[in-house]
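Undergrad: Take a look at this one; I'll ask things after.
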Amino acid sequence: MSQRQISNLSSALKSVNINNQNLNTQQQQEYEQHQNLQQIQNNLQNENNNHNNDNNNINRESESRITAFFKNPPLEGYTLFSHRSAPNGFKVAIVLSELNLDYNTIFLDFNRGEQRAPEFVSINPNARVPALIDHNSNHLSLWESGSIILYLVEKYSKEVGYCPIFSNDPNEKSQIISWIFFQTSGHAPMIGQALHFKYFHQQQIPSAINRYIDEVRRVYGVLEMQLAEKREALIMELDVENAAAYSSGTTPLSQSKFFDYPIWLVGEHITIADLSFVPWNNVVDRIGIDIKLEFPECYKWTKNMMRRPNVIKALRGEH
Ligand SMILES: N[C@@H](CCC(=O)N[C@@H](CS)C(=O)NCC(=O)O)C(=O)O
């Protein structure tokens, strides 16, 4: 499979690329800064292109591409409709990739208004990405990233009996779903609005920019608290001989050999609750939030996810 950068998100990957693990800390930091800057530039360029275009015109060429697909859809597997700069689309790609499901991606061209092509709107009335078609289930169409992700893990669980990134335990399941709702209703839209008011709104309105950036910080505060509690519980459980010193405060938790050990929002293994945050965590630096500095548990958590080969593949747009 080609290593060509397909998604704009993939440049952020290189900061935690499995191939870069031999870099020393300073090299790593310089590399990350360079990559982050490049990512910001790529994304801004893309957004500018989108906004400068007349989106009301769906030209003949793009219309025929979408029409042709719907006239002759694949007979099996999944088709994901996404966009190269759309974190919500990459959320679904990550889940498809983690489950090793057979899928293809159509990256819509927003400049040509492909998201408003009638065939696309017939599968997603909201005319946004992502949307998914399950060709194995009579071309069932799904929309809204959270709902698509839940469909995929529920279906996998039913077919296989167990899904490695979900849970069969009703309590855990309800917690996972709560985090998914929190991600789709709180995390993603607040970052989206902060980006809009900071870069694309026709007027600079500092109170609006600050309002959304503050809200994003609040959301990361919620995540940080959850992860910090999970970290403490894990250290107390695994680092038994030092637990008393940590409890009394004579030794900081950061001294524990389990301080960088992977932890997850729900239960003891990674789930869709965690994975759904990854693509948005990669763009948050554009609104001036440095996760590494401000939310260290969120940073370690993101890094642990970004090292996963299937996450890397999905963010690169590889199948
Ligand atoms: N709540 C929706 C949000 C979808 C959404 O806003 N998608 C953006 C890309 S991340 C989009 O399609 N924008 C195109 C447009 O605004 O026309 C979901 O989670 O699926």
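Ligands are numbered from 1 in the order shown, residues from 1 within each chain, and chains are lettered A, B, ... in the order they appear in the structure tokens.
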Taking only C-alpha atoms and all ligand atoms into account, list the residues no farther than 9 Å from ligand 1, as a PyMOL selection string.
TA: chain A and resi 55+82-83+85-91+110+113+115-116+126-131+143-148+183-185+188-189+192
Undergrad: Once you count only C-alpha atoms, what closest atom pair and distance in Å to one decimal does each residue of region 149-181 of chain A within 7 Å of region 255-279 of chain A have, with rows by chain and rising residue number, as JSON lines?
TA:
```
{"residue": "A:Ile165", "atom": "CA", "partner": "A:Thr271", "partner_atom": "CA", "distance": 4.0}
{"residue": "A:Phe166", "atom": "CA", "partner": "A:Thr271", "partner_atom": "CA", "distance": 5.2}
{"residue": "A:Glu172", "atom": "CA", "partner": "A:Val266", "partner_atom": "CA", "distance": 6.6}
{"residue": "A:Gln175", "atom": "CA", "partner": "A:Val266", "partner_atom": "CA", "distance": 6.7}
{"residue": "A:Ile176", "atom": "CA", "partner": "A:Ala273", "partner_atom": "CA", "distance": 5.2}
{"residue": "A:Trp179", "atom": "CA", "partner": "A:Ala273", "partner_atom": "CA", "distance": 5.5}
{"residue": "A:Ile180", "atom": "CA", "partner": "A:Ala273", "partner_atom": "CA", "distance": 5.5}
```
Undergrad: Out of A:Met190, A:Val160, A:Thr105, A:Asn242, which residue has the shortest atom-to-atom distance to Ala208 (chain A) when counting only C-alpha atoms?
TA: A:Met190
Undergrad: Nearest to Gly186 (chain A) among A:Leu253, A:Val311, A:Leu223, A:Cys298, with distances taken over only C-alpha atoms: which residue is it?
TA: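 Using only C-alpha atoms, Gly186 (chain A) sits closest to A:Leu223.
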Undergrad: Determine which residues of region 96-164 of chain A DSSP labels as helix (DSSP H, G or I) from the backbone of this structure, then write them out as a PyMOL selection string.
TA: chain A and resi 96-98+110-112+114-116+118-123+135-137+145-160
Undergrad: List the spatial neighbours of Tyr212 (chain A) as a PyMOL selection string - criterion: any atom at most 10 Å away, only C-alpha atoms, same-chain residues fewer than 4 positions off excluded.
TA: chain A and resi 189-198+207-208+216-218+287
Undergrad: Take the residues just selected and output them with N, CA and C atoms as a compact mmCIF listing (two decimals), in the first residue's frame.
TA:
```
# COMPACT_ATOMS: atom_id res chain seq x y z
N PRO A 189 -18.27 19.45 18.34
CA PRO A 189 -18.85 20.74 17.95
C PRO A 189 -18.16 21.95 18.56
N MET A 190 -17.67 21.81 19.79
CA MET A 190 -17.00 22.96 20.42
C MET A 190 -15.69 23.28 19.70
N ILE A 191 -14.94 22.24 19.34
CA ILE A 191 -13.69 22.48 18.59
C ILE A 191 -14.05 23.07 17.23
N GLY A 192 -15.09 22.51 16.60
CA GLY A 192 -15.52 23.02 15.28
C GLY A 192 -15.87 24.50 15.34
N GLN A 193 -16.61 24.89 16.37
CA GLN A 193 -17.01 26.30 16.48
C GLN A 193 -15.81 27.19 16.81
N ALA A 194 -14.93 26.69 17.66
CA ALA A 194 -13.73 27.47 18.00
C ALA A 194 -12.90 27.71 16.73
N LEU A 195 -12.76 26.68 15.91
CA LEU A 195 -12.01 26.83 14.65
C LEU A 195 -12.71 27.83 13.74
N HIS A 196 -14.02 27.71 13.66
CA HIS A 196 -14.77 28.61 12.78
C HIS A 196 -14.57 30.07 13.20
N PHE A 197 -14.79 30.34 14.48
CA PHE A 197 -14.71 31.74 14.92
C PHE A 197 -13.27 32.26 14.90
N LYS A 198 -12.31 31.37 15.08
CA LYS A 198 -10.92 31.84 15.06
C LYS A 198 -10.43 32.10 13.63
N SER A 207 -15.10 37.57 21.98
CA SER A 207 -15.89 36.89 23.02
C SER A 207 -16.37 35.52 22.53
N ALA A 208 -16.67 35.41 21.24
CA ALA A 208 -17.11 34.11 20.71
C ALA A 208 -15.93 33.14 20.65
N VAL A 216 -13.85 24.19 25.03
CA VAL A 216 -13.00 23.04 24.66
C VAL A 216 -12.09 22.69 25.85
N ARG A 217 -11.55 23.71 26.49
CA ARG A 217 -10.69 23.45 27.67
C ARG A 217 -11.49 22.73 28.76
N ARG A 218 -12.73 23.15 28.95
CA ARG A 218 -13.57 22.51 29.97
C ARG A 218 -13.77 21.02 29.63
N ILE A 287 -6.31 25.75 17.85
CA ILE A 287 -7.00 26.81 18.62
C ILE A 287 -6.17 27.19 19.84
```
Undergrad: Quick one: distance from CA of Thr67 (chain A) to CA of Glu119 (chain A) in Å, one decimal?
TA: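 Going from CA of Thr67 (chain A) over to CA of Glu119 (chain A), I get 6.7 Å.
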